[in-house]
file coords_38.pdb (PDB, C-alpha atoms, pLDDT in the B column)
MODEL        1
ATOM      1  CA  GLU A   1       0.000   0.000   0.000  1.00 93.00           C
ATOM      2  CA  VAL A   2       1.343   3.403  -1.000  1.00 96.00           C
ATOM      3  CA  GLN A   3       1.541   5.837   1.900  1.00 97.00           C
ATOM      4  CA  LEU A   4       2.851   9.391   2.091  1.00 98.00           C
ATOM      5  CA  VAL A   5       3.031  11.191   5.430  1.00 98.00           C
ATOM      6  CA  GLU A   6       4.070  14.845   5.549  1.00 98.00           C
ATOM      7  CA  SER A   7       5.412  16.650   8.590  1.00 98.00           C
ATOM      8  CA  GLY A   8       7.354  19.751   9.535  1.00 98.00           C
ATOM      9  CA  GLY A   9       4.802  22.464   8.935  1.00 98.00           C
ATOM     10  CA  GLY A  10       3.994  25.203  11.414  1.00 98.00           C
ATOM     11  CA  LEU A  11       3.807  28.906  12.073  1.00 98.00           C
ATOM     12  CA  VAL A  12       6.817  30.974  11.053  1.00 98.00           C
ATOM     13  CA  GLN A  13       7.522  34.680  10.727  1.00 98.00           C
ATOM     14  CA  PRO A  14       8.236  36.259   7.339  1.00 98.00           C
ATOM     15  CA  GLY A  15      11.840  35.641   6.381  1.00 98.00           C
ATOM     16  CA  GLY A  16      11.979  32.424   8.375  1.00 98.00           C
ATOM     17  CA  SER A  17      12.631  28.859   7.291  1.00 98.00           C
ATOM     18  CA  LEU A  18      10.971  25.480   7.561  1.00 98.00           C
ATOM     19  CA  ARG A  19      11.926  22.005   6.402  1.00 98.00           C
ATOM     20  CA  LEU A  20       9.095  19.731   5.344  1.00 98.00           C
ATOM     21  CA  SER A  21       9.465  15.964   5.315  1.00 98.00           C
ATOM     22  CA  CYS A  22       7.465  13.296   3.533  1.00 98.00           C
ATOM     23  CA  ALA A  23       7.928   9.716   4.681  1.00 98.00           C
ATOM     24  CA  ALA A  24       7.019   7.234   1.958  1.00 98.00           C
ATOM     25  CA  ALA A  25       6.001   3.603   2.282  1.00 97.00           C
ATOM     26  CA  GLY A  26       4.943   0.934  -0.181  1.00 97.00           C
ATOM     27  CA  PHE A  27       7.298   2.100  -2.932  1.00 97.00           C
ATOM     28  CA  ALA A  28      10.797   3.487  -3.376  1.00 97.00           C
ATOM     29  CA  VAL A  29      11.026   7.255  -3.830  1.00 96.00           C
ATOM     30  CA  SER A  30      14.216   6.762  -5.852  1.00 95.00           C
ATOM     31  CA  LEU A  31      12.266   5.057  -8.643  1.00 95.00           C
ATOM     32  CA  TYR A  32       9.696   7.788  -9.328  1.00 95.00           C
ATOM     33  CA  THR A  33       9.489  11.515  -9.825  1.00 95.00           C
ATOM     34  CA  MET A  34       8.325  13.014  -6.552  1.00 97.00           C
ATOM     35  CA  TYR A  35       6.565  16.344  -6.116  1.00 97.00           C
ATOM     36  CA  TRP A  36       5.592  19.003  -3.627  1.00 98.00           C
ATOM     37  CA  GLN A  37       2.271  20.755  -4.140  1.00 98.00           C
ATOM     38  CA  ARG A  38       0.460  23.403  -2.127  1.00 98.00           C
ATOM     39  CA  GLU A  39      -3.041  24.727  -1.789  1.00 98.00           C
ATOM     40  CA  ALA A  40      -3.734  28.132  -0.299  1.00 96.00           C
ATOM     41  CA  PRO A  41      -7.156  29.171   0.997  1.00 89.00           C
ATOM     42  CA  GLY A  42      -9.399  30.138  -1.919  1.00 91.00           C
ATOM     43  CA  LYS A  43      -6.851  29.039  -4.505  1.00 93.00           C
ATOM     44  CA  GLY A  44      -6.361  25.886  -6.496  1.00 94.00           C
ATOM     45  CA  LEU A  45      -3.701  23.242  -6.159  1.00 95.00           C
ATOM     46  CA  GLU A  46      -0.293  24.550  -7.205  1.00 96.00           C
ATOM     47  CA  TRP A  47       2.652  22.415  -8.232  1.00 96.00           C
ATOM     48  CA  VAL A  48       5.739  23.687  -6.440  1.00 97.00           C
ATOM     49  CA  GLN A  49       8.746  21.500  -7.259  1.00 97.00           C
ATOM     50  CA  GLY A  50       9.568  17.993  -8.399  1.00 97.00           C
ATOM     51  CA  ILE A  51      12.643  15.796  -8.307  1.00 96.00           C
ATOM     52  CA  ASP A  52      13.152  13.153 -10.960  1.00 94.00           C
ATOM     53  CA  ARG A  53      14.857   9.772 -10.771  1.00 93.00           C
ATOM     54  CA  ALA A  54      18.190  11.319 -11.679  1.00 94.00           C
ATOM     55  CA  GLY A  55      17.864  13.781  -8.819  1.00 92.00           C
ATOM     56  CA  ASP A  56      17.258  16.792 -11.035  1.00 94.00           C
ATOM     57  CA  THR A  57      14.918  19.505  -9.780  1.00 93.00           C
ATOM     58  CA  ILE A  58      11.856  20.669 -11.695  1.00 93.00           C
ATOM     59  CA  THR A  59      10.508  24.019 -10.500  1.00 90.00           C
ATOM     60  CA  TYR A  60       6.902  24.778 -11.410  1.00 92.00           C
ATOM     61  CA  ALA A  61       6.246  27.862  -9.287  1.00 89.00           C
ATOM     62  CA  ASP A  62       8.426  30.830 -10.249  1.00 93.00           C
ATOM     63  CA  SER A  63       7.769  32.407  -6.885  1.00 93.00           C
ATOM     64  CA  VAL A  64       9.835  29.773  -5.066  1.00 96.00           C
ATOM     65  CA  LYS A  65      12.932  29.902  -7.254  1.00 95.00           C
ATOM     66  CA  GLY A  66      16.018  30.536  -5.159  1.00 96.00           C
ATOM     67  CA  ARG A  67      14.089  30.018  -1.909  1.00 97.00           C
ATOM     68  CA  PHE A  68      12.857  26.396  -1.913  1.00 98.00           C
ATOM     69  CA  THR A  69      14.981  23.295  -2.358  1.00 97.00           C
ATOM     70  CA  ILE A  70      13.599  19.825  -2.934  1.00 97.00           C
ATOM     71  CA  SER A  71      15.707  16.817  -2.007  1.00 97.00           C
ATOM     72  CA  ARG A  72      15.410  13.115  -1.405  1.00 96.00           C
ATOM     73  CA  ASP A  73      16.944  10.587   0.969  1.00 96.00           C
ATOM     74  CA  ASN A  74      16.818   7.282  -0.848  1.00 95.00           C
ATOM     75  CA  ALA A  75      18.043   5.234   2.100  1.00 95.00           C
ATOM     76  CA  GLY A  76      15.400   6.745   4.365  1.00 95.00           C
ATOM     77  CA  ASN A  77      12.765   6.747   1.606  1.00 98.00           C
ATOM     78  CA  THR A  78      11.937  10.347   2.456  1.00 98.00           C
ATOM     79  CA  LEU A  79      11.300  13.493   0.431  1.00 98.00           C
ATOM     80  CA  TYR A  80      12.175  16.946   1.773  1.00 98.00           C
ATOM     81  CA  LEU A  81      11.380  20.562   0.993  1.00 98.00           C
ATOM     82  CA  GLN A  82      13.684  23.181   2.494  1.00 98.00           C
ATOM     83  CA  MET A  83      11.872  26.504   2.477  1.00 98.00           C
ATOM     84  CA  ASP A  84      13.829  29.693   3.157  1.00 98.00           C
ATOM     85  CA  SER A  85      12.899  33.368   3.081  1.00 98.00           C
ATOM     86  CA  LEU A  86       9.269  32.448   3.635  1.00 98.00           C
ATOM     87  CA  GLN A  87       6.636  35.028   2.800  1.00 97.00           C
ATOM     88  CA  PRO A  88       2.944  35.339   3.719  1.00 97.00           C
ATOM     89  CA  ASP A  89       2.030  34.237   0.171  1.00 96.00           C
ATOM     90  CA  ASP A  90       3.662  30.880   0.954  1.00 97.00           C
ATOM     91  CA  THR A  91       0.912  30.154   3.482  1.00 98.00           C
ATOM     92  CA  ALA A  92      -0.785  26.959   2.334  1.00 98.00           C
ATOM     93  CA  MET A  93      -1.333  23.296   2.971  1.00 98.00           C
ATOM     94  CA  TYR A  94       1.667  21.487   1.527  1.00 98.00           C
ATOM     95  CA  TYR A  95       1.392  18.006   0.055  1.00 98.00           C
ATOM     96  CA  CYS A  96       3.910  15.551  -1.285  1.00 98.00           C
ATOM     97  CA  ALA A  97       2.851  13.475  -4.266  1.00 98.00           C
ATOM     98  CA  ALA A  98       4.034  10.604  -6.398  1.00 96.00           C
ATOM     99  CA  LYS A  99       2.920   9.533  -9.850  1.00 92.00           C
ATOM    100  CA  ILE A 100       3.013   5.759 -10.020  1.00 94.00           C
ATOM    101  CA  GLY A 101       1.666   4.388 -13.263  1.00 91.00           C
ATOM    102  CA  GLU A 102      -1.634   6.088 -14.003  1.00 93.00           C
ATOM    103  CA  ALA A 103      -2.284   7.047 -10.397  1.00 94.00           C
ATOM    104  CA  THR A 104      -1.217  10.104  -8.410  1.00 94.00           C
ATOM    105  CA  TYR A 105      -0.820   9.542  -4.693  1.00 96.00           C
ATOM    106  CA  ARG A 106      -0.858  12.409  -2.200  1.00 97.00           C
ATOM    107  CA  GLY A 107      -0.399  12.612   1.537  1.00 96.00           C
ATOM    108  CA  GLN A 108      -2.688  14.289   4.037  1.00 97.00           C
ATOM    109  CA  GLY A 109      -0.670  17.489   3.985  1.00 98.00           C
ATOM    110  CA  THR A 110       1.083  19.711   6.491  1.00 98.00           C
ATOM    111  CA  GLN A 111       0.028  23.300   7.151  1.00 98.00           C
ATOM    112  CA  VAL A 112       2.500  26.135   6.695  1.00 98.00           C
ATOM    113  CA  THR A 113       1.488  29.557   7.974  1.00 98.00           C
ATOM    114  CA  VAL A 114       3.727  32.588   7.467  1.00 98.00           C
ATOM    115  CA  SER A 115       2.663  35.483   9.645  1.00 97.00           C
ATOM    116  CA  GLU A 116       3.959  38.045  12.120  1.00 93.00           C
TER
ENDMDL
END

call {"tool": "encode", "arguments": {"input": "coords_38.pdb", "output": "structure tokens"}}
result
Amino acid sequence: EVQLVESGGGLVQPGGSLRLSCAAAGFAVSLYTMYWQREAPGKGLEWVQGIDRAGDTITYADSVKGRFTISRDNAGNTLYLQMDSLQPDDTAMYYCAAKIGEATYRGQGTQVTVSE
């Protein structure tokens, strides 16, 4: 059974940093492109970044360039998102996702709130 469990969210002041984790089970993260997505209140689902099998980063959201870094620990079967210089517009529920065959799997999400 494919499982994705995100953690690491919280409340942070503008300019601060957070590191999100996504523990995967039921498949190997090294064998698939993995993604981070986010959904802000009143907005649709936004693709943030992906990391392919070769370890190359795919950035979908221009607003995170130079601030967010996606990475993967193959031994620990875990996906990460290092978020620096956080801004209020980064406030959202963050999800990790994996496309396996025709299906897209997503975790339950972790809330990130950027506020004074």

call {"tool": "resolve_selection", "arguments": {"input": "coords_38.pdb", "expression": "the PyMOL selection byres ((chain A and resi 82-84) around 10)", "output": "ChimeraX atom specification"}}
result
/A:14-21,64,66-71,80-81,85-87,90

call {"tool": "atom_distance", "arguments": {"input": "coords_38.pdb", "atom1": "atom CA of A:Gly76", "atom2": "atom CA of A:Thr110"}}
result
19.4 Å

call {"tool": "atom_distance", "arguments": {"input": "coords_38.pdb", "atom1": "atom CA of A:Asn77", "atom2": "atom CA of A:Val12"}}
result
26.7 Å

call {"tool": "residues_near_point", "arguments": {"input": "coords_38.pdb", "point": "(10.7, 15.8, -0.9)", "cutoff": "12 Å", "atoms": "only C-alpha atoms", "output": "JSON list (two decimals) with C-alpha atoms, keeping the file's coordinate frame"}}
result
[["chain", "number", "residue", "atom", "x", "y", "z"],
["A", 4, "LEU", "CA", 2.85, 9.39, 2.09],
["A", 5, "VAL", "CA", 3.03, 11.19, 5.43],
["A", 6, "GLU", "CA", 4.07, 14.84, 5.55],
["A", 7, "SER", "CA", 5.41, 16.65, 8.59],
["A", 8, "GLY", "CA", 7.35, 19.75, 9.54],
["A", 19, "ARG", "CA", 11.93, 22.00, 6.40],
["A", 20, "LEU", "CA", 9.10, 19.73, 5.34],
["A", 21, "SER", "CA", 9.46, 15.96, 5.32],
["A", 22, "CYS", "CA", 7.46, 13.30, 3.53],
["A", 23, "ALA", "CA", 7.93, 9.72, 4.68],
["A", 24, "ALA", "CA", 7.02, 7.23, 1.96],
["A", 29, "VAL", "CA", 11.03, 7.26, -3.83],
["A", 30, "SER", "CA", 14.22, 6.76, -5.85],
["A", 32, "TYR", "CA", 9.70, 7.79, -9.33],
["A", 33, "THR", "CA", 9.49, 11.52, -9.82],
["A", 34, "MET", "CA", 8.32, 13.01, -6.55],
["A", 35, "TYR", "CA", 6.56, 16.34, -6.12],
["A", 36, "TRP", "CA", 5.59, 19.00, -3.63],
["A", 37, "GLN", "CA", 2.27, 20.76, -4.14],
["A", 48, "VAL", "CA", 5.74, 23.69, -6.44],
["A", 49, "GLN", "CA", 8.75, 21.50, -7.26],
["A", 50, "GLY", "CA", 9.57, 17.99, -8.40],
["A", 51, "ILE", "CA", 12.64, 15.80, -8.31],
["A", 52, "ASP", "CA", 13.15, 13.15, -10.96],
["A", 55, "GLY", "CA", 17.86, 13.78, -8.82],
["A", 57, "THR", "CA", 14.92, 19.50, -9.78],
["A", 58, "ILE", "CA", 11.86, 20.67, -11.70],
["A", 68, "PHE", "CA", 12.86, 26.40, -1.91],
["A", 69, "THR", "CA", 14.98, 23.30, -2.36],
["A", 70, "ILE", "CA", 13.60, 19.82, -2.93],
["A", 71, "SER", "CA", 15.71, 16.82, -2.01],
["A", 72, "ARG", "CA", 15.41, 13.12, -1.40],
["A", 73, "ASP", "CA", 16.94, 10.59, 0.97],
["A", 74, "ASN", "CA", 16.82, 7.28, -0.85],
["A", 76, "GLY", "CA", 15.40, 6.74, 4.36],
["A", 77, "ASN", "CA", 12.76, 6.75, 1.61],
["A", 78, "THR", "CA", 11.94, 10.35, 2.46],
["A", 79, "LEU", "CA", 11.30, 13.49, 0.43],
["A", 80, "TYR", "CA", 12.18, 16.95, 1.77],
["A", 81, "LEU", "CA", 11.38, 20.56, 0.99],
["A", 82, "GLN", "CA", 13.68, 23.18, 2.49],
["A", 83, "MET", "CA", 11.87, 26.50, 2.48],
["A", 94, "TYR", "CA", 1.67, 21.49, 1.53],
["A", 95, "TYR", "CA", 1.39, 18.01, 0.06],
["A", 96, "CYS", "CA", 3.91, 15.55, -1.28],
["A", 97, "ALA", "CA", 2.85, 13.48, -4.27],
["A", 98, "ALA", "CA", 4.03, 10.60, -6.40],
["A", 107, "GLY", "CA", -0.40, 12.61, 1.54]]

call {"tool": "closest_residue", "arguments": {"input": "coords_38.pdb", "among": "A:Gly26, A:Gly101, A:Arg38, A:Ala61", "to": "A:Gly9", "atoms": "only C-alpha atoms"}}
result
A:Arg38

call {"tool": "residues_around", "arguments": {"input": "coords_38.pdb", "residues": "A:Ala40", "least_positions_apart": "6", "cutoff": "9 Å", "atoms": "only C-alpha atoms", "output": "list in words"}}
result
Glu46, Asp89, Asp90, Thr91, Ala92, Met93 and Tyr94 of chain A

call {"tool": "write_last_selection", "arguments": {"input": "coords_38.pdb", "atoms": "C-alpha atoms", "output": "mmCIF file, in the coordinates of the input"}}
result
data_model
loop_
_atom_site.group_PDB
_atom_site.id
_atom_site.type_symbol
_atom_site.label_atom_id
_atom_site.label_comp_id
_atom_site.auth_asym_id
_atom_site.auth_seq_id
_atom_site.Cartn_x
_atom_site.Cartn_y
_atom_site.Cartn_z
ATOM 1 C CA GLU A 46 -0.293 24.550 -7.205
ATOM 2 C CA ASP A 89 2.030 34.237 0.171
ATOM 3 C CA ASP A 90 3.662 30.880 0.954
ATOM 4 C CA THR A 91 0.912 30.154 3.482
ATOM 5 C CA ALA A 92 -0.785 26.959 2.334
ATOM 6 C CA MET A 93 -1.333 23.296 2.971
ATOM 7 C CA TYR A 94 1.667 21.487 1.527
#

call {"tool": "closest_residue", "arguments": {"input": "coords_38.pdb", "among": "A:Glu1, A:Pro88, A:Gln13, A:Tyr60", "to": "A:Leu45", "atoms": "all atoms listed in the file"}}
result
A:Tyr60

call {"tool": "axis_aligned_box", "arguments": {"input": "coords_38.pdb", "around": "stretch 81-87 of chain A", "padding_each_side": "4 Å", "output": "JSON"}}
result
{"center_x": 10.2, "center_y": 27.8, "center_z": 2.3, "size_x": 15.2, "size_y": 22.5, "size_z": 10.6}
